[in-house]
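K.L.:
If it helps, the file is called structure08.pdb and holds PDB, C-alpha atoms and all ligand atoms:
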```pdb
ATOM      1  CA  MET T   1     -31.211  17.835  27.075
ATOM      2  CA  PHE T   2     -28.371  17.849  24.535
ATOM      3  CA  TYR T   3     -25.910  18.720  27.261
ATOM      4  CA  SER T   4     -26.995  15.846  29.480
ATOM      5  CA  LEU T   5     -26.804  13.493  26.508
ATOM      6  CA  THR T   6     -23.212  14.432  25.678
ATOM      7  CA  ASN T   7     -22.449  14.328  29.383
ATOM      8  CA  ARG T   8     -23.839  10.825  29.694
ATOM      9  CA  LEU T   9     -21.902   9.779  26.610
ATOM     10  CA  ARG T  10     -18.738  11.166  28.170
ATOM     11  CA  THR T  11     -19.327   9.256  31.382
ATOM     12  CA  PHE T  12     -20.069   6.132  29.371
ATOM     13  CA  MET T  13     -16.867   6.500  27.323
ATOM     14  CA  ALA T  14     -14.680   7.225  30.351
ATOM     15  CA  GLY T  15     -11.977   4.552  30.629
ATOM     16  CA  ARG T  16     -12.885   3.163  27.242
ATOM     17  CA  TYR T  17     -10.549   3.077  24.286
ATOM     18  CA  GLY T  18     -12.392   5.090  21.608
ATOM     19  CA  PHE T  19     -11.243   5.597  18.033
ATOM     20  CA  ASP T  20      -7.861   5.148  16.418
ATOM     21  CA  MET T  21      -6.563   4.564  12.894
ATOM     22  CA  LEU T  22      -7.475   0.885  12.906
ATOM     23  CA  GLY T  23     -10.957   1.696  14.228
ATOM     24  CA  SER T  24     -11.580   4.272  11.504
ATOM     25  CA  LEU T  25     -10.336   1.897   8.842
ATOM     26  CA  LEU T  26     -12.613  -0.868  10.138
ATOM     27  CA  LEU T  27     -15.600   1.478   9.890
ATOM     28  CA  VAL T  28     -14.691   2.400   6.311
ATOM     29  CA  LEU T  29     -14.224  -1.298   5.556
ATOM     30  CA  TYR T  30     -17.661  -1.980   7.021
ATOM     31  CA  LEU T  31     -19.296   0.667   4.788
ATOM     32  CA  ILE T  32     -17.560  -0.694   1.676
ATOM     33  CA  LEU T  33     -18.391  -4.332   2.527
ATOM     34  CA  ASN T  34     -21.971  -3.450   3.359
ATOM     35  CA  TYR T  35     -22.403  -1.723   0.026
ATOM     36  CA  LEU T  36     -20.652  -4.513  -1.906
ATOM     37  CA  VAL T  37     -22.666  -7.288  -0.270
ATOM     38  CA  ARG T  38     -25.928  -5.470  -0.960
ATOM     39  CA  PHE T  39     -24.919  -4.894  -4.549
ATOM     40  CA  ILE T  40     -23.942  -8.539  -5.083
ATOM     41  CA  LEU T  41     -27.058  -9.941  -3.408
ATOM     42  CA  ASN T  42     -29.354  -7.533  -5.295
ATOM     43  CA  THR T  43     -27.756  -8.489  -8.602
ATOM     44  CA  LEU T  44     -28.185 -12.186  -7.827
ATOM     45  CA  LEU T  45     -31.760 -11.609  -6.693
ATOM     46  CA  ARG T  46     -32.658  -9.749  -9.893
ATOM     47  CA  ARG T  47     -31.289 -12.583 -11.995
ATOM     48  CA  GLY T  48     -33.135 -15.134  -9.898
ATOM     49  CA  LEU T  49     -29.858 -16.765  -8.897
ATOM     50  CA  LEU T  50     -30.213 -16.196  -5.171
ATOM     51  CA  THR T  51     -30.730 -19.365  -3.219
ATOM     52  CA  GLU T  52     -30.262 -19.432   0.516
ATOM     53  CA  VAL T  53     -26.974 -21.304   0.716
ATOM     54  CA  TRP T  54     -24.328 -21.047   3.419
ATOM     55  CA  TRP T  55     -22.181 -18.444   1.636
ATOM     56  CA  VAL T  56     -25.150 -16.061   1.221
ATOM     57  CA  THR T  57     -25.659 -16.164   4.977
ATOM     58  CA  LEU T  58     -21.936 -15.685   5.475
ATOM     59  CA  LEU T  59     -21.913 -12.758   3.024
ATOM     60  CA  ARG T  60     -24.768 -11.071   4.913
ATOM     61  CA  PHE T  61     -22.981 -11.655   8.185
ATOM     62  CA  LEU T  62     -19.515 -10.468   7.134
ATOM     63  CA  PRO T  63     -20.068  -6.658   7.307
ATOM     64  CA  MET T  64     -21.708  -7.094  10.729
ATOM     65  CA  VAL T  65     -18.604  -8.915  11.965
ATOM     66  CA  VAL T  66     -16.390  -6.015  10.859
ATOM     67  CA  LEU T  67     -18.741  -3.439  12.426
ATOM     68  CA  GLY T  68     -18.939  -5.515  15.598
ATOM     69  CA  TRP T  69     -15.145  -5.676  15.820
ATOM     70  CA  ALA T  70     -14.883  -1.879  15.288
ATOM     71  CA  LEU T  71     -17.459  -1.099  18.004
ATOM     72  CA  TRP T  72     -15.987  -3.667  20.388
ATOM     73  CA  ARG T  73     -12.587  -1.939  20.052
ATOM     74  CA  VAL T  74     -14.124   1.525  20.607
ATOM     75  CA  LEU T  75     -15.890   0.374  23.780
ATOM     76  CA  SER T  76     -13.040  -1.790  25.039
ATOM     77  CA  LYS T  77     -11.638  -1.043  28.488
ATOM     78  CA  ASN T  78      -8.392  -2.869  27.823
ATOM     79  CA  ILE T  79      -6.626   0.223  26.506
ATOM     80  CA  PRO T  80      -3.022  -1.149  26.384
ATOM     81  CA  ALA T  81      -4.142  -4.159  24.307
ATOM     82  CA  ARG T  82      -6.006  -1.919  21.833
ATOM     83  CA  CYS T  83      -2.990   0.414  21.628
ATOM     84  CA  ALA T  84      -0.760  -2.567  20.846
ATOM     85  CA  GLU T  85      -3.181  -3.736  18.123
ATOM     86  CA  ASN T  86      -3.183  -0.309  16.550
ATOM     87  CA  GLY T  87       0.629  -0.252  16.718
ATOM     88  CA  VAL T  88       0.872  -3.565  14.844
ATOM     89  CA  PHE T  89      -1.576  -2.248  12.279
ATOM     90  CA  MET T  90       0.294   1.049  11.802
ATOM     91  CA  GLU T  91       3.590  -0.796  11.404
ATOM     92  CA  GLY T  92       2.128  -3.089   8.753
ATOM     93  CA  TRP T  93       0.592  -0.081   7.046
ATOM     94  CA  SER T  94       3.887   1.818   6.850
ATOM     95  CA  ARG T  95       5.662  -1.316   5.569
ATOM     96  CA  LEU T  96       3.049  -1.654   2.851
ATOM     97  CA  LYS T  97       3.506   2.007   1.929
ATOM     98  CA  MET T  98       7.294   1.582   1.853
ATOM     99  CA  PHE T  99       6.956  -1.521  -0.371
ATOM    100  CA  PHE T 100       4.939   0.422  -2.947
ATOM    101  CA  THR T 101       7.198   3.515  -2.893
ATOM    102  CA  ARG T 102      10.225   1.288  -3.451
ATOM    103  CA  ARG T 103       8.561  -0.384  -6.411
ATOM    104  CA  LYS T 104       7.653   3.005  -7.889
ATOM    105  CA  ASP T 105      11.271   4.159  -7.488
ATOM    106  CA  ALA T 106      12.518   1.015  -9.205
ATOM    107  CA  VAL T 107      10.198   1.605 -12.170
ATOM    108  CA  VAL T 108      11.340   5.226 -12.459
ATOM    109  CA  ARG T 109      14.995   4.147 -12.347
ATOM    110  CA  TRP T 110      14.401   1.411 -14.919
ATOM    111  CA  LYS T 111      12.644   3.873 -17.264
ATOM    112  CA  SER T 112      15.422   6.464 -17.058
ATOM    113  CA  GLY T 113      17.951   3.655 -17.661
ATOM    114  CA  ALA T 114      16.055   2.541 -20.774
ATOM    115  CA  GLU T 115      15.955   6.164 -21.938
ATOM    116  CA  GLU T 116      19.755   6.410 -21.530
ATOM    117  CA  ARG T 117      20.390   3.170 -23.412
ATOM    118  CA  LYS T 118      18.611   4.652 -26.447
ATOM    119  CA  THR T 119      21.095   7.535 -26.738
ATOM    120  CA  HIS T 120      24.208   6.140 -25.060
ATOM    121  CA  ARG T 121      26.333   3.017 -24.951
ATOM    122  CA  PHE T 122      28.007   1.727 -21.833
ATOM    123  CA  PHE T 123      31.482   0.199 -21.768
ATOM    124  CA  ALA T 124      33.582  -1.195 -18.973
ATOM    125  CA  CYS T 125      37.145   0.118 -18.851
ATOM    126  CA  PRO T 126      39.510  -2.820 -19.680
ATOM    127  CA  ASN T 127      41.983  -1.600 -17.061
ATOM    128  CA  CYS T 128      39.842  -0.857 -13.966
ATOM    129  CA  GLY T 129      36.322  -1.959 -14.867
ATOM    130  CA  GLN T 130      34.823   1.533 -14.469
ATOM    131  CA  GLN T 131      31.547   1.984 -16.388
ATOM    132  CA  VAL T 132      31.925   4.621 -19.095
ATOM    133  CA  ARG T 133      28.979   6.207 -20.837
ATOM    134  CA  VAL T 134      29.441   7.256 -24.477
ATOM    135  CA  PRO T 135      26.896   8.856 -26.855
ATOM    136  CA  LYS T 136      25.735   6.523 -29.621
ATOM    137  CA  GLY T 137      26.482   6.880 -33.348
ATOM    138  CA  LYS T 138      29.960   8.407 -33.207
ATOM    139  CA  GLY T 139      31.630   5.542 -35.074
ATOM    140  CA  LYS T 140      34.948   4.147 -33.814
ATOM    141  CA  ILE T 141      36.295   6.417 -31.114
ATOM    142  CA  ALA T 142      39.002   6.421 -28.500
ATOM    143  CA  ILE T 143      37.507   6.539 -25.034
ATOM    144  CA  LYS T 144      39.441   7.810 -22.057
ATOM    145  CA  CYS T 145      38.515   6.240 -18.724
ATOM    146  CA  PRO T 146      37.603   9.002 -16.237
ATOM    147  CA  ARG T 147      39.003   7.013 -13.326
ATOM    148  CA  CYS T 148      42.367   5.561 -14.470
ATOM    149  CA  HIS T 149      42.797   7.580 -17.732
ATOM    150  CA  GLN T 150      43.360   4.379 -19.742
ATOM    151  CA  GLU T 151      42.421   4.863 -23.404
ATOM    152  CA  PHE T 152      40.550   2.221 -25.333
ATOM    153  CA  VAL T 153      38.885   2.149 -28.759
ATOM    154  CA  LYS T 154      35.250   1.143 -29.172
ATOM    155  CA  LYS T 155      32.599   1.379 -31.864
ATOM    156  CA  THR T 156      29.613   3.384 -30.600
TER     157      THR T 156
HETATM  158 ZN    ZN R 201      39.789   2.715 -16.049
END
```
Before we go any further, please render this structure as structure tokens.
P.N.:
Amino acid sequence: MFYSLTNRLRTFMAGRYGFDMLGSLLLVLYLILNYLVRFILNTLLRRGLLTEVWWVTLLRFLPMVVLGWALWRVLSKNIPARCAENGVFMEGWSRLKMFFTRRKDAVVRWKSGAEERKTHRFFACPNCGQQVRVPKGKGKIAIKCPRCHQEFVKKT
């Protein structure tokens, strides 16, 4: 019985696309939306604010649309088109991930820079423009440029 069921499912799924990253994400999205919509409608109902207006109907319909899209992709026989869709999705996903990692890096760099500015002062060498880092609170000192060996006096 179980065997024939899985067998029939296999025959049914033959030549169909099945699951991919986008499909899994759509299913998760469906579960979240379904829960959210129920929560919102229940809250409105309890407060007696629920009137059957167009956006309530739309709200009820929205999770079904997402689920429908997910199932339609799973059962689709146009495998190259579904592959291409998933590729576009994965590319967008990795770009999004890259965007956030870059921002995190920038924050880390900015923080360490702020930390350095508390304990050090930065001067540009008058001869070659090289940035020189000097500890703060040393009074007037002669600084030697590490690149061109020009000496200049600065208050730190
Ligand atoms: Zn220099």
K.L.:
Residues at most 6 Å from ligand ZN 201 (chain R), using only C-alpha atoms and all ligand atoms? Could they come as number ranges by chain?
P.N.:
T: 125, 127-130, 145, 147-150
K.L.:
Edge lengths and centre in Å to one decimal, as AutoDock Vina command-line options, of the axis-aligned box that encloses all listed atoms of stretch 3-9 of chain T with 8 Å added on every side?
P.N.:
```
--center_x -24.4 --center_y 14.2 --center_z 27.7 --size_x 21.1 --size_y 24.9 --size_z 20.0
```
K.L.:
Select, from T:Thr43, T:Asn78, T:Tyr30, T:Thr101, the residue with the minimum atom-to-atom distance to T:Phe61, counting all atoms listed in the file.
P.N.:
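Among the listed residues, the smallest separation from T:Phe61 belongs to T:Tyr30.
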K.L.:
Please identify all polymer residues within 12 Å of stretch 112-117 of chain T, counting all atoms listed in the file, omitting same-chain residues fewer than 4 positions from it, and present them as a list in words.
P.N.:
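Non-adjacent residues within range: Asp105, Ala106, Val107, Val108, Arg121, Phe122, Phe123, Arg133, Val134, Pro135, Lys136 and Thr156 of chain T.
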K.L.:
Could you tell me how far atom CA of T:Arg46 sits from atom CA of T:Val28, in Å to one decimal place?
P.N.:
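So the answer is 27.1 Å.
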K.L.:
Which residue, T:Ala124, T:Ile40, T:Val132, T:Met90, has the smallest gap to T:Leu22 when you use all atoms listed in the file?
P.N.:
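Ranking T:Ala124, T:Ile40, T:Val132, T:Met90 by distance to T:Leu22, first place goes to T:Met90.
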K.L.:
Which residues are close to stretch 7-17 of chain T, i.e. within 7 Å by all atoms listed in the file, leaving aside same-chain residues fewer than 3 positions away? Reply as a PyMOL selection string.
P.N.:
chain T and resi 3-4+73-77+79
K.L.:
Could you jot down the atom CA of T:Ser94 to atom CA of T:Leu25 separation for me, Å, one decimal place?
P.N.:
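Separation between atom CA of T:Ser94 and atom CA of T:Leu25: 14.4 Å.
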K.L.:
From the list T:Val66, T:Val37, T:Cys83, T:Leu5, which residue is nearest T:Met21 when using all atoms listed in the file?
P.N.:
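Smallest distance to T:Met21 is found for T:Cys83.
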